[in-house]
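Notes to accompany the following structure.
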Amino acid sequence: MDDCPQQTPLFTFGVIADIQYADIDDGYNYSRTRRRYYRSSLQLLRNAQESWSESAVKPDFILQLGDIIDGFNKGRGASDRALDSVLREFNSSPVEVHHVWGNHEFYNFSRGALLSSKLNTTVHTDESLRGAQPDSDVYAYHFSPFPGFTFVVLDAYDVSLLGREESSAQYKDAMSLIKQYNNNEDLNCPPASVSEALQRRFTMFNGGFSKDQLDWLHTVLRSADEKQERVTIVCHLPIHPYSTDPICLAWNFDKLLAIIRSHSSVVCFMAGHDHDGGYHCDNETGVHHVTFEGVIETPPDSSAFGTVSVYEDRMVLKGSGRIKDRVIHFRGCQRDADDRAK
């Protein structure tokens, strides 16, 4: 891939998803169709850290897209120990890490515990939803690593059965929603008899975004529009049906897509959760939806992480192992580049 090597990026960052570390032997996914390498995922993270630290242009920060440790740790009483092991690897370099929360975070910890843990990286923020609404327990914030660029971290389990007390109104509302589409006794099993494939997303391991979070995002993007900033949104759950298997989509992905489509500032949406990864460029908006392959299903002799170099007109993703190289042109810039080439 020709990446105009004579140019120096404005800034660079690393991306890694679905590490799901546990000190247990290899196993399989829920449907027993894919092997999972629980113990060696820690070594793959270590390899990624070494690659980033040895690169000529070191990342300014790292995006960890959720599911940092596996839910199996909870039953073994090893959640804290496993998390400490993974964070020790991240702390081996001074690079700032932004942690996204996925379903496995909530298998291991309560929402309150996560908010008081080292996985709460709102300390690196310009503004959080909780700062705007002190009574909120939603983990959503934004930060600016470089003038003219904003990153927004979203909480995909704001509306969810996970991380909510069964007696709470949030839990009851989420149960009411999922039961409209999924009548299985095991709600981790997707609805089988559906005419619409997208309805398979209504499982317990997914979630969605509350009106408060969507309203907050609308305000953040409106400000970015006015400032003509480039916005990248990061989240555990994918939100574009063409960027993932439908079973991995956020419950109300359509509402979030509608907000993104009403703003000019968003250039990219990055997610994890679907361990096979995916990609789609929305022709309507020019927004790139990148779903990153998961470390947990990556063989020990391979890798799954990316390094993104950001320029005025594009982001260049250099993938390692299962992650593909991609050039993410900002809307309008590809046309401009084509015109200059004529």
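Identifiers for the structure tokens are assigned positionally: chains receive A, B, ... in sequence, residues are indexed from 1 per chain, and ligands are indexed from 1 in the order shown.
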Next item on the list: Write out as a PyMOL selection string which residues come within 7 Å of region 149-166 of chain A when counting only C-alpha atoms, dropping same-chain ones fewer than 2 positions away.
Entry: chain A and resi 100-101+106+110-111+138-147+168+170-171+174-175+204+207-210+229-237+250
Just write the chosen residues, N, CA and C atoms, as a tab-separated table (two decimals), in the first residue's frame.
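Full text of part38.tsv as output:
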```tsv
chain	number	residue	atom	x	y	z
A	100	VAL	N	-12.73	1.07	26.16
A	100	VAL	CA	-14.15	0.96	25.84
A	100	VAL	C	-14.70	-0.23	26.62
A	101	TRP	N	-15.98	-0.16	27.00
A	101	TRP	CA	-16.58	-1.26	27.75
A	101	TRP	C	-17.42	-2.14	26.83
A	106	PHE	N	-18.97	-6.41	31.76
A	106	PHE	CA	-20.12	-6.53	32.66
A	106	PHE	C	-20.33	-7.97	33.15
A	110	SER	N	-19.62	-5.09	38.13
A	110	SER	CA	-20.82	-4.26	38.11
A	110	SER	C	-20.50	-2.92	37.46
A	111	ARG	N	-21.52	-2.21	37.06
A	111	ARG	CA	-21.30	-0.88	36.47
A	111	ARG	C	-20.62	0.05	37.47
A	138	VAL	N	-23.68	6.67	32.83
A	138	VAL	CA	-23.33	6.27	31.47
A	138	VAL	C	-21.87	6.62	31.20
A	139	TYR	N	-21.13	5.67	30.65
A	139	TYR	CA	-19.70	5.83	30.38
A	139	TYR	C	-19.52	6.30	28.94
A	140	ALA	N	-19.58	7.61	28.75
A	140	ALA	CA	-19.42	8.20	27.42
A	140	ALA	C	-18.66	9.50	27.57
A	141	TYR	N	-17.68	9.70	26.70
A	141	TYR	CA	-16.88	10.92	26.79
A	141	TYR	C	-16.23	11.22	25.45
A	142	HIS	N	-15.63	12.40	25.36
A	142	HIS	CA	-14.86	12.71	24.15
A	142	HIS	C	-13.55	13.39	24.52
A	143	PHE	N	-12.57	13.27	23.62
A	143	PHE	CA	-11.26	13.88	23.84
A	143	PHE	C	-10.69	14.32	22.51
A	144	SER	N	-9.75	15.24	22.56
A	144	SER	CA	-9.12	15.76	21.34
A	144	SER	C	-7.61	15.57	21.43
A	145	PRO	N	-7.05	14.62	20.66
A	145	PRO	CA	-5.61	14.37	20.71
A	145	PRO	C	-4.80	15.37	19.90
A	146	PHE	N	-5.50	16.13	19.03
A	146	PHE	CA	-4.83	17.07	18.14
A	146	PHE	C	-5.86	18.09	17.69
A	147	PRO	N	-5.47	19.36	17.55
A	147	PRO	CA	-6.44	20.38	17.12
A	147	PRO	C	-7.18	19.99	15.85
A	168	SER	N	-33.99	-2.72	38.96
A	168	SER	CA	-33.94	-1.35	38.45
A	168	SER	C	-34.88	-1.14	37.28
A	170	GLN	N	-34.06	0.46	34.63
A	170	GLN	CA	-33.28	0.24	33.40
A	170	GLN	C	-33.33	-1.22	32.98
A	171	TYR	N	-33.21	-2.12	33.96
A	171	TYR	CA	-33.25	-3.56	33.65
A	171	TYR	C	-34.63	-3.95	33.12
A	174	ALA	N	-35.09	-2.71	29.59
A	174	ALA	CA	-34.30	-3.51	28.64
A	174	ALA	C	-34.94	-4.88	28.42
A	175	MET	N	-35.45	-5.49	29.48
A	175	MET	CA	-36.11	-6.79	29.35
A	175	MET	C	-37.36	-6.67	28.50
A	204	MET	N	-28.84	-11.04	24.80
A	204	MET	CA	-28.39	-10.48	26.06
A	204	MET	C	-26.97	-9.95	25.98
A	207	GLY	N	-26.52	-4.60	23.48
A	207	GLY	CA	-27.20	-3.55	24.22
A	207	GLY	C	-27.42	-2.36	23.31
A	208	GLY	N	-27.75	-1.23	23.91
A	208	GLY	CA	-28.03	-0.06	23.10
A	208	GLY	C	-27.76	1.25	23.82
A	209	PHE	N	-28.27	2.32	23.25
A	209	PHE	CA	-27.95	3.68	23.69
A	209	PHE	C	-29.23	4.38	24.14
A	210	SER	N	-29.19	4.97	25.32
A	210	SER	CA	-30.36	5.68	25.85
A	210	SER	C	-30.56	7.00	25.12
A	229	GLU	N	-14.52	20.11	12.72
A	229	GLU	CA	-13.60	19.07	13.22
A	229	GLU	C	-13.88	17.73	12.54
A	230	ARG	N	-12.89	16.82	12.62
A	230	ARG	CA	-13.05	15.44	12.17
A	230	ARG	C	-13.32	14.60	13.42
A	231	VAL	N	-14.41	13.84	13.40
A	231	VAL	CA	-14.80	13.05	14.57
A	231	VAL	C	-14.73	11.56	14.27
A	232	THR	N	-14.08	10.82	15.15
A	232	THR	CA	-14.08	9.36	15.12
A	232	THR	C	-14.82	8.87	16.35
A	233	ILE	N	-15.82	8.04	16.13
A	233	ILE	CA	-16.59	7.47	17.24
A	233	ILE	C	-16.10	6.05	17.48
A	234	VAL	N	-15.88	5.71	18.76
A	234	VAL	CA	-15.44	4.36	19.12
A	234	VAL	C	-16.44	3.75	20.09
A	235	CYS	N	-16.68	2.45	19.93
A	235	CYS	CA	-17.73	1.77	20.67
A	235	CYS	C	-17.46	0.28	20.58
A	236	HIS	N	-17.96	-0.50	21.52
A	236	HIS	CA	-17.75	-1.94	21.42
A	236	HIS	C	-18.62	-2.56	20.33
A	237	LEU	N	-19.87	-2.12	20.23
A	237	LEU	CA	-20.79	-2.72	19.28
A	237	LEU	C	-20.79	-1.98	17.94
A	250	ALA	N	-25.68	-3.29	17.62
A	250	ALA	CA	-26.33	-2.64	18.76
A	250	ALA	C	-27.85	-2.69	18.55
```
Next item on the list: Quick one: pull the distance between CA of Arg39 (chain A) and CA of Ser243 (chain A), Å, one decimal.
Entry: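 Those two atoms sit 28.3 Å apart.
Separating CA of His273 (chain A) from CA of Gly148 (chain A) is a distance of 28.7 Å.
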Margin query: Env of region 23-30 of chain A: 9 Å cut, atoms = only C-alpha atoms, seq-sep filter 6 positions within chain, self excluded. Answer as a PyMOL selection string.
Written below: chain A and resi 36-40+72-73+78+82+297
Note to self: Quick check for you: according to DSSP on this backbone, which residues of region 50-207 of chain A are classed as helix (DSSP H, G or I)? Reply as a PyMOL selection string.
What the structure shows: chain A and resi 50-54+72-75+79-90+103-108+111-115+122-124+129-132+169-179+197-201
Checklist line | Which of A:Glu196, A:Gln7, A:Val267, A:Ser55 sits closest to His289 (chain A) [using only C-alpha atoms] | finding: A:Val267
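From CA of Pro300 (chain A) back to CA of Lys324 (chain A), the distance works out to 17.9 Å.
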Check: From the set A:Val266, A:Ile239, A:Leu177, A:Ile247, which residue has the shortest atom-to-atom contact distance to Leu221 (chain A), counting only C-alpha atoms?
Finding: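 Answer, going by the shortest atom-to-atom distance: A:Val266.
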